[in-house]
Structures are given as structure tokens and as C-alpha cells.
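Quick look at input.tsv (TSV, C-alpha atoms):
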```
chain	number	residue	atom	x	y	z
V	12	ALA	CA	0.00	0.00	0.00
V	13	VAL	CA	2.90	2.38	0.77
V	14	SER	CA	4.50	1.72	-2.61
V	15	ALA	CA	1.14	2.25	-4.31
V	16	CYS	CA	0.79	5.68	-2.67
V	17	ILE	CA	4.32	6.63	-3.71
V	18	SER	CA	3.68	5.48	-7.27
V	19	ALA	CA	0.38	7.41	-7.38
V	20	ALA	CA	2.13	10.57	-6.19
V	21	GLY	CA	4.73	10.20	-8.93
V	22	SER	CA	2.01	9.90	-11.58
V	23	GLU	CA	0.09	12.98	-10.40
V	24	PHE	CA	0.38	16.42	-11.99
V	25	ASP	CA	-1.57	18.20	-9.24
V	26	PRO	CA	0.81	19.19	-6.40
V	27	SER	CA	-2.00	19.08	-3.82
V	28	MET	CA	-2.81	15.46	-4.75
V	29	GLN	CA	0.90	14.62	-4.72
V	30	LYS	CA	1.08	15.86	-1.13
V	31	ARG	CA	-1.94	13.79	-0.10
V	32	TYR	CA	-0.47	10.59	-1.54
V	33	LEU	CA	2.94	11.28	-0.01
V	34	LYS	CA	1.38	12.06	3.36
V	35	ALA	CA	-0.45	8.73	3.22
V	36	ALA	CA	2.79	7.00	2.28
V	37	THR	CA	4.56	8.67	5.23
V	38	TYR	CA	1.87	7.42	7.59
V	39	GLY	CA	2.20	3.87	6.20
V	40	MET	CA	6.00	3.99	6.46
V	41	GLY	CA	5.63	4.82	10.16
V	42	LEU	CA	3.85	1.53	10.62
V	43	CYS	CA	6.44	-0.48	8.66
V	44	SER	CA	9.75	-0.34	10.51
V	45	ASP	CA	11.58	-2.32	7.81
V	46	PHE	CA	10.34	-0.30	4.80
V	47	ASP	CA	13.10	1.06	2.53
V	48	ALA	CA	12.54	4.81	2.19
V	49	THR	CA	14.71	5.14	-0.92
V	50	GLU	CA	11.75	5.09	-3.33
V	51	PHE	CA	9.95	7.74	-1.25
V	52	VAL	CA	12.97	10.06	-1.20
V	53	ASP	CA	13.65	9.61	-4.92
V	54	THR	CA	10.01	10.34	-5.78
V	55	CYS	CA	9.96	13.51	-3.66
V	56	ARG	CA	13.15	14.71	-5.36
V	57	LYS	CA	11.78	13.91	-8.80
V	58	LEU	CA	8.46	15.65	-8.14
V	59	ARG	CA	10.20	18.82	-7.02
V	60	VAL	CA	12.01	18.96	-10.36
V	61	LEU	CA	8.94	18.01	-12.40
V	62	ASN	CA	6.72	20.60	-10.71
V	63	ASP	CA	9.28	23.29	-11.54
V	64	VAL	CA	9.56	22.43	-15.24
V	65	ARG	CA	5.79	21.93	-15.61
V	66	ARG	CA	5.12	25.58	-14.80
V	67	PRO	CA	3.51	27.46	-17.75
V	68	GLU	CA	6.46	29.85	-18.12
V	69	VAL	CA	8.78	26.85	-18.60
V	70	GLY	CA	6.43	24.65	-20.59
V	71	LEU	CA	7.81	21.13	-20.14
V	72	PRO	CA	4.85	19.01	-18.91
V	73	LEU	CA	6.82	15.80	-18.50
V	74	THR	CA	5.45	12.66	-16.90
V	75	SER	CA	7.49	10.75	-14.35
V	76	GLN	CA	8.24	8.03	-16.93
V	77	GLN	CA	9.33	10.59	-19.54
V	78	TYR	CA	11.66	12.18	-17.00
V	79	ASP	CA	13.22	8.80	-16.22
V	80	ARG	CA	13.86	8.11	-19.90
V	81	LEU	CA	15.09	11.63	-20.58
V	82	THR	CA	17.47	11.79	-17.54
V	83	ALA	CA	18.14	14.88	-15.45
V	84	GLU	CA	21.21	15.82	-17.50
V	85	VAL	CA	19.23	16.00	-20.75
V	86	LEU	CA	16.47	17.94	-19.01
V	87	VAL	CA	19.04	20.52	-17.95
V	88	ASP	CA	20.25	20.71	-21.58
V	89	ARG	CA	16.69	21.45	-22.70
V	90	LEU	CA	16.33	24.18	-20.10
V	91	ILE	CA	19.60	25.71	-21.29
V	92	ALA	CA	18.36	25.69	-24.89
V	93	ARG	CA	15.23	27.55	-23.72
V	94	HIS	CA	17.42	30.06	-21.83
V	95	HIS	CA	16.03	29.04	-18.43
V	96	HIS	CA	19.48	29.35	-16.89
V	97	HIS	CA	18.34	30.17	-13.36
V	98	LEU	CA	16.06	27.14	-13.17
V	99	ALA	CA	18.74	24.93	-14.72
V	100	LEU	CA	21.22	26.08	-12.05
V	101	THR	CA	18.66	25.49	-9.30
V	102	ILE	CA	18.10	21.92	-10.51
V	103	CYS	CA	21.84	21.31	-10.81
V	104	ASP	CA	22.29	22.46	-7.21
V	105	PHE	CA	19.41	20.31	-6.00
V	106	LEU	CA	20.52	17.17	-7.86
V	107	LYS	CA	24.25	17.85	-7.35
V	108	LEU	CA	24.97	18.01	-11.09
V	109	SER	CA	27.79	19.98	-12.71
V	110	LYS	CA	26.82	23.60	-13.41
V	111	GLN	CA	29.62	24.26	-15.91
V	112	LYS	CA	27.55	23.75	-19.05
V	113	VAL	CA	24.77	26.03	-17.75
V	114	LEU	CA	27.16	28.81	-16.75
V	115	THR	CA	29.14	28.58	-19.98
V	116	HIS	CA	25.97	28.93	-22.04
V	117	TRP	CA	24.78	31.83	-19.86
V	118	ALA	CA	28.10	33.65	-20.30
V	119	CYS	CA	28.11	33.12	-24.08
V	120	GLU	CA	24.56	34.45	-24.36
V	121	LYS	CA	25.48	37.39	-22.15
V	122	LEU	CA	28.30	38.30	-24.53
V	123	LYS	CA	25.92	38.18	-27.50
V	124	SER	CA	23.33	40.40	-25.80
V	125	PRO	CA	22.87	43.91	-27.28
V	126	SER	CA	22.59	45.21	-23.71
V	127	VAL	CA	26.34	44.72	-23.11
V	128	ARG	CA	27.55	46.06	-26.45
V	129	ASP	CA	28.75	49.35	-24.94
V	130	MET	CA	29.78	47.94	-21.58
V	131	PRO	CA	33.52	48.32	-20.79
V	132	ASP	CA	35.53	45.11	-21.12
V	133	LYS	CA	36.63	45.08	-17.49
V	134	GLN	CA	33.10	45.54	-16.19
V	135	LEU	CA	31.73	42.76	-18.38
V	136	ARG	CA	34.60	40.46	-17.42
V	137	ASP	CA	33.89	41.10	-13.74
V	138	ILE	CA	30.18	40.33	-14.18
V	139	ILE	CA	30.96	37.03	-15.88
V	140	ARG	CA	33.66	36.13	-13.39
V	141	GLU	CA	31.41	36.86	-10.42
V	142	LYS	CA	28.68	34.63	-11.85
V	143	LEU	CA	31.06	31.76	-12.67
V	144	LYS	CA	33.25	31.95	-9.56
V	145	PRO	CA	31.01	29.71	-7.36
V	146	CYS	CA	31.47	26.89	-9.88
V	147	GLY	CA	35.16	26.70	-8.97
V	148	THR	CA	37.61	25.51	-11.60
V	149	MET	CA	35.99	25.53	-15.04
V	150	SER	CA	37.01	26.19	-18.63
V	151	TYR	CA	36.70	29.71	-20.04
V	152	THR	CA	37.87	28.82	-23.55
V	153	ALA	CA	34.40	28.60	-25.13
V	154	ILE	CA	33.44	31.92	-23.56
V	155	ALA	CA	36.64	33.60	-24.73
V	156	LEU	CA	36.01	32.27	-28.26
V	157	ILE	CA	32.58	33.90	-28.31
V	158	ALA	CA	34.09	37.17	-27.10
V	159	TYR	CA	36.75	37.04	-29.82
V	160	ASP	CA	34.24	36.04	-32.52
V	161	GLY	CA	36.84	35.18	-35.13
V	162	GLY	CA	38.54	38.55	-34.83
V	163	ARG	CA	35.31	40.51	-35.23
V	164	GLY	CA	34.56	40.72	-31.53
V	165	ARG	CA	36.26	42.00	-28.39
V	166	LYS	CA	39.83	40.74	-28.45
V	167	ARG	CA	40.89	42.46	-25.23
V	168	LEU	CA	37.93	41.00	-23.34
V	169	SER	CA	38.76	37.58	-24.75
V	170	THR	CA	42.34	37.73	-23.44
V	171	MET	CA	41.08	38.95	-20.07
V	172	LEU	CA	38.72	35.99	-19.80
V	173	LEU	CA	41.51	33.59	-20.74
V	174	ASP	CA	43.35	34.63	-17.59
V	175	TYR	CA	40.88	32.38	-15.75
V	176	GLU	CA	41.35	29.38	-18.07
V	177	PRO	CA	42.82	26.56	-15.91
V	178	HIS	CA	44.16	24.51	-18.83
V	179	ALA	CA	47.35	26.11	-20.13
V	180	ALA	CA	47.25	24.23	-23.45
V	181	ASP	CA	43.78	25.57	-24.32
V	182	GLN	CA	44.81	29.02	-23.17
V	183	VAL	CA	47.97	29.11	-25.27
V	184	LYS	CA	46.41	27.67	-28.43
V	185	LEU	CA	43.61	30.22	-28.43
V	186	LEU	CA	46.03	33.09	-27.80
V	187	LEU	CA	48.12	31.91	-30.76
V	188	SER	CA	45.05	31.83	-32.99
V	189	MET	CA	44.43	35.44	-31.94
V	190	ASN	CA	48.05	36.38	-32.85
V	191	GLU	CA	48.68	37.22	-29.20
V	192	ASN	CA	52.12	35.59	-29.46
V	193	GLU	CA	53.85	37.38	-26.62
V	194	LEU	CA	51.03	36.68	-24.19
V	195	ALA	CA	50.90	33.06	-25.39
V	196	LEU	CA	54.62	32.69	-24.72
V	197	GLN	CA	54.26	34.21	-21.27
V	198	LYS	CA	51.45	31.77	-20.39
V	199	ALA	CA	53.42	28.84	-21.81
V	200	VAL	CA	56.52	29.75	-19.78
V	201	ASN	CA	54.40	30.19	-16.63
V	202	SER	CA	52.94	26.71	-17.15
V	203	MET	CA	56.48	25.25	-17.06
V	204	ASP	CA	55.48	22.98	-19.94
V	205	SER	CA	58.37	22.85	-22.43
V	206	ASP	CA	56.12	21.37	-25.12
V	207	LEU	CA	53.85	24.41	-24.92
V	208	VAL	CA	56.82	26.77	-25.07
V	209	PHE	CA	58.06	24.97	-28.18
V	210	LEU	CA	54.59	25.20	-29.69
V	211	VAL	CA	54.57	28.97	-29.30
V	212	LEU	CA	58.14	29.37	-30.57
V	213	LEU	CA	57.69	27.17	-33.63
V	214	SER	CA	54.28	28.56	-34.47
V	215	THR	CA	55.53	32.14	-34.27
V	216	GLU	CA	58.73	31.35	-36.16
V	217	ALA	CA	56.80	29.60	-38.92
V	218	ARG	CA	54.83	32.78	-39.53
V	219	LEU	CA	58.08	34.71	-39.87
V	220	ARG	CA	59.19	32.54	-42.78
V	221	ASN	CA	56.43	34.11	-44.84
V	222	ASN	CA	57.25	37.58	-43.59
V	223	GLN	CA	60.33	39.30	-44.96
V	224	SER	CA	60.12	42.18	-42.48
V	225	GLN	CA	63.31	42.46	-40.45
V	226	ALA	CA	61.40	44.48	-37.87
V	227	LYS	CA	59.05	41.54	-37.30
V	228	LYS	CA	61.98	39.16	-36.90
V	229	GLN	CA	63.66	41.48	-34.42
V	230	GLU	CA	60.38	41.74	-32.56
V	231	PHE	CA	60.23	37.95	-32.33
V	232	PHE	CA	63.76	37.58	-30.96
V	233	HIS	CA	63.21	40.41	-28.51
V	234	MET	CA	60.05	38.69	-27.28
V	235	VAL	CA	61.93	35.41	-26.79
V	236	TYR	CA	64.94	36.96	-25.06
V	237	ASN	CA	62.64	38.37	-22.39
V	238	HIS	CA	62.13	34.77	-21.26
V	239	PRO	CA	65.40	32.93	-20.44
V	240	ASP	CA	63.77	29.49	-20.51
V	241	ALA	CA	62.30	30.15	-23.95
V	242	THR	CA	65.65	31.51	-25.15
V	243	ALA	CA	67.41	28.31	-24.05
V	244	LEU	CA	64.85	26.13	-25.86
V	245	LEU	CA	65.12	28.22	-29.02
V	246	LYS	CA	68.91	27.88	-28.99
V	247	VAL	CA	68.58	24.09	-28.68
V	248	TYR	CA	66.16	24.10	-31.60
V	249	TYR	CA	68.46	26.17	-33.84
V	250	ARG	CA	71.52	24.08	-32.94
V	251	HIS	CA	69.58	20.99	-33.95
V	252	LYS	CA	68.59	22.60	-37.26
V	253	LEU	CA	72.21	23.50	-37.97
V	254	SER	CA	73.40	20.02	-37.11
V	255	MET	CA	70.88	18.69	-39.63
V	256	GLY	CA	72.32	20.97	-42.29
V	257	ASP	CA	69.48	23.48	-42.34
V	258	PRO	CA	70.94	26.82	-43.51
V	259	ASP	CA	68.05	28.68	-41.90
V	260	GLY	CA	69.03	27.54	-38.42
V	261	GLY	CA	69.23	30.58	-36.20
V	262	GLY	CA	67.08	32.73	-38.52
```
Written form, C-alpha cells:
Amino acid sequence: AVSACISAAGSEFDPSMQKRYLKAATYGMGLCSDFDATEFVDTCRKLRVLNDVRRPEVGLPLTSQQYDRLTAEVLVDRLIARHHHHLALTICDFLKLSKQKVLTHWACEKLKSPSVRDMPDKQLRDIIREKLKPCGTMSYTAIALIAYDGGRGRKRLSTMLLDYEPHAADQVKLLLSMNENELALQKAVNSMDSDLVFLVLLSTEARLRNNQSQAKKQEFFHMVYNHPDATALLKVYYRHKLSMGDPDGGG
């Protein structure tokens, strides 16, 4: 009888009827000392989510069975697509799901909004950072890409957002694609990853091969010499090229 009441509550759309069935189930559970309350707890948790998404302003009248087949993660994706970010975050908190996808989508949509078009880069960065900070360590690469918008967007804002990117490789690669070579080298050196430093050096040097400007070449070497570790790696690279008979070794 207790299981029947719990099942009936899960099938109901009317919150008042849900409460009546759950109250009856609670009474029955008090008389059954060995009853496993897991089903009751799971149903209460599920109904809280379902009642939220069934609201007219959300418009997802899912049944309990549909929710089970859909899964909570996919439901959150659907809420994100409908721009119900606040509700999606609330459900993630309640069900202990990752909020990164929700916050990333919110930030990207914020950057696209006409309301922030004239907002200073620092102010907009601070708004996004404040919203994302509670999530802890999360990737900012997708957000920075939206800010950059293939060179048509806000490059300075993009580089500012990348300061919070925890993965040095993603940070450096995006900076290189933005032609922010000096900043990419600085981040690579700070990561203490020699492979990343080589990536920046070789990528930047490869561009110089197609550029006959001596000023650009001097700019490159000046950039490298500001970082002793990068200078040492570049010398190793050029010595290797010379040992292989490459006349271009050393520029």
C-alpha cells in the first residue's frame, strides 16, 4: 500500500494530490519499521524537479516516466536551450549536477546580448567572473572564443577571460590563434610545460618565414629573449637545425 501511494504521487500532476499521496505513504512507512525509504525520497526529489519544469512559463509538462527516460542531464540541456538558466542552475544544485555547461551557455549568451555592447571590457569580465566563480575551476575557452568572434569581436575582453582558463594548453592555443604571441609565450613559460613553449616558438617562427620584415623578426627575438627558458629552448632548436644541415638555423 505504501508503494502504491508513492507510485500514485509520482504519476500525479496536481501538487496538492501529490502531497496527499505522499502524506499517506509517510503514515504507512511509520507503521512499517523495515520499509526502505529510498523510493519515497527519490520520488519527492523527482516531483520537485517536475513541478518546476511543468510551470507554464517553462512549458515542459513531463510525466514521471518521460523524465526517467530523458534523464536529469538532458532535461538541464533542454532548459539551457530555452534560456532558463536560473532554473537549470537550481536543478543542478538540487541534484548535485555539474553547473559548468549552464554557466558557460549563460556567459556566451550574455556576450551576445545587445545590452552589453557598450559595456567596458573590465566591467563585463567582472560580471561574468562573479557569476562563474562559485562553480570553482571551469574552462573559459568557449566563452573567450565567443568574445573574440573570429577577430570581429572583443579581443581584449577575450584575453582577459583567458586569464581564468585553468588549462594552459587551451589558453595558449587560443592566444596563438588570436596572434597574441607574446602573451601566449608568457602563459606557456608560466605553465612550465616545455612542449607548450616549443609550440609557441615554432608557431611564431613559422609565420616569420612568410614575412620578410626584419622588424618583425627582431620583434620575435626580442620577445623570446625576455624569457630565459624560452631563449634556451630556441637555442637548442636552432643548434639541432644546424646540425641537420638546415641553412636557416638561427634565422
Nearby residues (all atoms listed in the file) at most 12 Å from region 37-39 of chain V, same-chain spacing under 6 positions excluded, as a ChimeraX atom specification:
/V:12-17,20,30-31,45-48,50-52,55
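The nearest approach to Gln134 (chain V) among the residues V:Leu168, V:Leu194, V:Cys146, V:Leu58, with all atoms listed in the file taken into account, belongs to V:Leu168.
Take the candidates V:Leu100, V:Met171, V:Leu86, V:Leu106 and check each one against Lys133 (chain V) using all atoms listed in the file; the shortest distance goes to V:Met171.
Nearest-residue note for His238 (chain V): choosing from V:Cys103, V:Leu135, V:Met203, V:Val113, the minimum distance belongs to V:Met203, counting only C-alpha atoms.
Distance-wise, CA of Lys198 (chain V) and CA of Arg136 (chain V) end up 19.2 Å apart.
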Pull out region 225-236 of chain V, keep all heavy atoms, and write it as a PDB file, in the first residue's frame.
```
ATOM      1  N   GLN V 225      62.277  42.608 -41.468  1.00  0.00           N
ATOM      2  CA  GLN V 225      63.315  42.462 -40.447  1.00  0.00           C
ATOM      3  C   GLN V 225      62.821  42.944 -39.093  1.00  0.00           C
ATOM      4  O   GLN V 225      63.203  42.402 -38.048  1.00  0.00           O
ATOM      5  CB  GLN V 225      64.561  43.270 -40.849  1.00  0.00           C
ATOM      6  CG  GLN V 225      65.402  42.598 -41.933  1.00  0.00           C
ATOM      7  CD  GLN V 225      65.933  41.239 -41.473  1.00  0.00           C
ATOM      8  OE1 GLN V 225      65.637  40.218 -42.082  1.00  0.00           O
ATOM      9  NE2 GLN V 225      66.696  41.227 -40.404  1.00  0.00           N
ATOM     10  N   ALA V 226      61.951  43.952 -39.123  1.00  0.00           N
ATOM     11  CA  ALA V 226      61.404  44.477 -37.871  1.00  0.00           C
ATOM     12  C   ALA V 226      60.614  43.398 -37.134  1.00  0.00           C
ATOM     13  O   ALA V 226      60.703  43.260 -35.912  1.00  0.00           O
ATOM     14  CB  ALA V 226      60.517  45.686 -38.142  1.00  0.00           C
ATOM     15  N   LYS V 227      59.838  42.606 -37.900  1.00  0.00           N
ATOM     16  CA  LYS V 227      59.052  41.540 -37.295  1.00  0.00           C
ATOM     17  C   LYS V 227      59.951  40.465 -36.702  1.00  0.00           C
ATOM     18  O   LYS V 227      59.681  39.920 -35.638  1.00  0.00           O
ATOM     19  CB  LYS V 227      58.115  40.918 -38.335  1.00  0.00           C
ATOM     20  CG  LYS V 227      56.916  41.773 -38.680  1.00  0.00           C
ATOM     21  CD  LYS V 227      55.957  41.872 -37.508  1.00  0.00           C
ATOM     22  CE  LYS V 227      54.709  42.675 -37.867  1.00  0.00           C
ATOM     23  NZ  LYS V 227      53.812  42.815 -36.690  1.00  0.00           N
ATOM     24  N   LYS V 228      61.052  40.161 -37.402  1.00  0.00           N
ATOM     25  CA  LYS V 228      61.982  39.156 -36.896  1.00  0.00           C
ATOM     26  C   LYS V 228      62.671  39.641 -35.624  1.00  0.00           C
ATOM     27  O   LYS V 228      62.842  38.885 -34.666  1.00  0.00           O
ATOM     28  CB  LYS V 228      63.012  38.814 -37.970  1.00  0.00           C
ATOM     29  CG  LYS V 228      62.413  38.075 -39.160  1.00  0.00           C
ATOM     30  CD  LYS V 228      63.468  37.718 -40.189  1.00  0.00           C
ATOM     31  CE  LYS V 228      62.841  36.973 -41.373  1.00  0.00           C
ATOM     32  NZ  LYS V 228      63.833  36.597 -42.398  1.00  0.00           N
ATOM     33  N   GLN V 229      63.049  40.915 -35.614  1.00  0.00           N
ATOM     34  CA  GLN V 229      63.664  41.477 -34.418  1.00  0.00           C
ATOM     35  C   GLN V 229      62.672  41.482 -33.248  1.00  0.00           C
ATOM     36  O   GLN V 229      63.046  41.238 -32.105  1.00  0.00           O
ATOM     37  CB  GLN V 229      64.148  42.906 -34.704  1.00  0.00           C
ATOM     38  CG  GLN V 229      65.368  42.990 -35.606  1.00  0.00           C
ATOM     39  CD  GLN V 229      66.570  42.235 -35.030  1.00  0.00           C
ATOM     40  OE1 GLN V 229      66.837  42.308 -33.838  1.00  0.00           O
ATOM     41  NE2 GLN V 229      67.275  41.525 -35.892  1.00  0.00           N
ATOM     42  N   GLU V 230      61.437  41.748 -33.572  1.00  0.00           N
ATOM     43  CA  GLU V 230      60.384  41.740 -32.556  1.00  0.00           C
ATOM     44  C   GLU V 230      60.237  40.350 -31.941  1.00  0.00           C
ATOM     45  O   GLU V 230      60.067  40.197 -30.732  1.00  0.00           O
ATOM     46  CB  GLU V 230      59.059  42.189 -33.194  1.00  0.00           C
ATOM     47  CG  GLU V 230      57.900  42.315 -32.229  1.00  0.00           C
ATOM     48  CD  GLU V 230      56.620  42.732 -32.942  1.00  0.00           C
ATOM     49  OE1 GLU V 230      56.689  43.635 -33.804  1.00  0.00           O
ATOM     50  OE2 GLU V 230      55.568  42.136 -32.649  1.00  0.00           O
ATOM     51  N   PHE V 231      60.319  39.328 -32.795  1.00  0.00           N
ATOM     52  CA  PHE V 231      60.226  37.945 -32.326  1.00  0.00           C
ATOM     53  C   PHE V 231      61.370  37.606 -31.375  1.00  0.00           C
ATOM     54  O   PHE V 231      61.154  37.087 -30.281  1.00  0.00           O
ATOM     55  CB  PHE V 231      60.221  36.990 -33.526  1.00  0.00           C
ATOM     56  CG  PHE V 231      60.432  35.547 -33.160  1.00  0.00           C
ATOM     57  CD1 PHE V 231      59.471  34.833 -32.455  1.00  0.00           C
ATOM     58  CD2 PHE V 231      61.612  34.883 -33.520  1.00  0.00           C
ATOM     59  CE1 PHE V 231      59.664  33.506 -32.127  1.00  0.00           C
ATOM     60  CE2 PHE V 231      61.818  33.558 -33.194  1.00  0.00           C
ATOM     61  CZ  PHE V 231      60.834  32.860 -32.491  1.00  0.00           C
ATOM     62  N   PHE V 232      62.605  37.919 -31.795  1.00  0.00           N
ATOM     63  CA  PHE V 232      63.758  37.579 -30.958  1.00  0.00           C
ATOM     64  C   PHE V 232      63.766  38.380 -29.651  1.00  0.00           C
ATOM     65  O   PHE V 232      64.137  37.870 -28.602  1.00  0.00           O
ATOM     66  CB  PHE V 232      65.057  37.792 -31.732  1.00  0.00           C
ATOM     67  CG  PHE V 232      65.273  36.788 -32.818  1.00  0.00           C
ATOM     68  CD1 PHE V 232      65.329  37.172 -34.149  1.00  0.00           C
ATOM     69  CD2 PHE V 232      65.391  35.425 -32.520  1.00  0.00           C
ATOM     70  CE1 PHE V 232      65.495  36.232 -35.158  1.00  0.00           C
ATOM     71  CE2 PHE V 232      65.574  34.494 -33.522  1.00  0.00           C
ATOM     72  CZ  PHE V 232      65.625  34.883 -34.847  1.00  0.00           C
ATOM     73  N   HIS V 233      63.307  39.609 -29.725  1.00  0.00           N
ATOM     74  CA  HIS V 233      63.209  40.414 -28.511  1.00  0.00           C
ATOM     75  C   HIS V 233      62.190  39.794 -27.542  1.00  0.00           C
ATOM     76  O   HIS V 233      62.428  39.740 -26.330  1.00  0.00           O
ATOM     77  CB  HIS V 233      62.799  41.848 -28.864  1.00  0.00           C
ATOM     78  CG  HIS V 233      62.651  42.750 -27.665  1.00  0.00           C
ATOM     79  ND1 HIS V 233      63.731  43.203 -26.941  1.00  0.00           N
ATOM     80  CD2 HIS V 233      61.533  43.247 -27.059  1.00  0.00           C
ATOM     81  CE1 HIS V 233      63.300  43.950 -25.936  1.00  0.00           C
ATOM     82  NE2 HIS V 233      61.969  43.993 -25.990  1.00  0.00           N
ATOM     83  N   MET V 234      61.078  39.338 -28.097  1.00  0.00           N
ATOM     84  CA  MET V 234      60.047  38.690 -27.281  1.00  0.00           C
ATOM     85  C   MET V 234      60.603  37.449 -26.583  1.00  0.00           C
ATOM     86  O   MET V 234      60.389  37.227 -25.393  1.00  0.00           O
ATOM     87  CB  MET V 234      58.854  38.296 -28.176  1.00  0.00           C
ATOM     88  CG  MET V 234      57.755  37.513 -27.472  1.00  0.00           C
ATOM     89  SD  MET V 234      56.483  36.924 -28.621  1.00  0.00           S
ATOM     90  CE  MET V 234      57.298  35.457 -29.311  1.00  0.00           C
ATOM     91  N   VAL V 235      61.369  36.640 -27.341  1.00  0.00           N
ATOM     92  CA  VAL V 235      61.925  35.407 -26.790  1.00  0.00           C
ATOM     93  C   VAL V 235      62.983  35.693 -25.725  1.00  0.00           C
ATOM     94  O   VAL V 235      62.999  35.076 -24.655  1.00  0.00           O
ATOM     95  CB  VAL V 235      62.528  34.531 -27.911  1.00  0.00           C
ATOM     96  CG1 VAL V 235      63.204  33.290 -27.317  1.00  0.00           C
ATOM     97  CG2 VAL V 235      61.445  34.119 -28.897  1.00  0.00           C
ATOM     98  N   TYR V 236      63.835  36.677 -25.981  1.00  0.00           N
ATOM     99  CA  TYR V 236      64.939  36.959 -25.062  1.00  0.00           C
ATOM    100  C   TYR V 236      64.454  37.505 -23.722  1.00  0.00           C
ATOM    101  O   TYR V 236      65.211  37.508 -22.741  1.00  0.00           O
ATOM    102  CB  TYR V 236      65.931  37.931 -25.698  1.00  0.00           C
ATOM    103  CG  TYR V 236      66.722  37.315 -26.834  1.00  0.00           C
ATOM    104  CD1 TYR V 236      67.179  38.088 -27.906  1.00  0.00           C
ATOM    105  CD2 TYR V 236      67.000  35.941 -26.838  1.00  0.00           C
ATOM    106  CE1 TYR V 236      67.886  37.515 -28.948  1.00  0.00           C
ATOM    107  CE2 TYR V 236      67.707  35.368 -27.887  1.00  0.00           C
ATOM    108  CZ  TYR V 236      68.147  36.144 -28.937  1.00  0.00           C
ATOM    109  OH  TYR V 236      68.850  35.576 -29.973  1.00  0.00           O
TER     110      TYR V 236
END
```
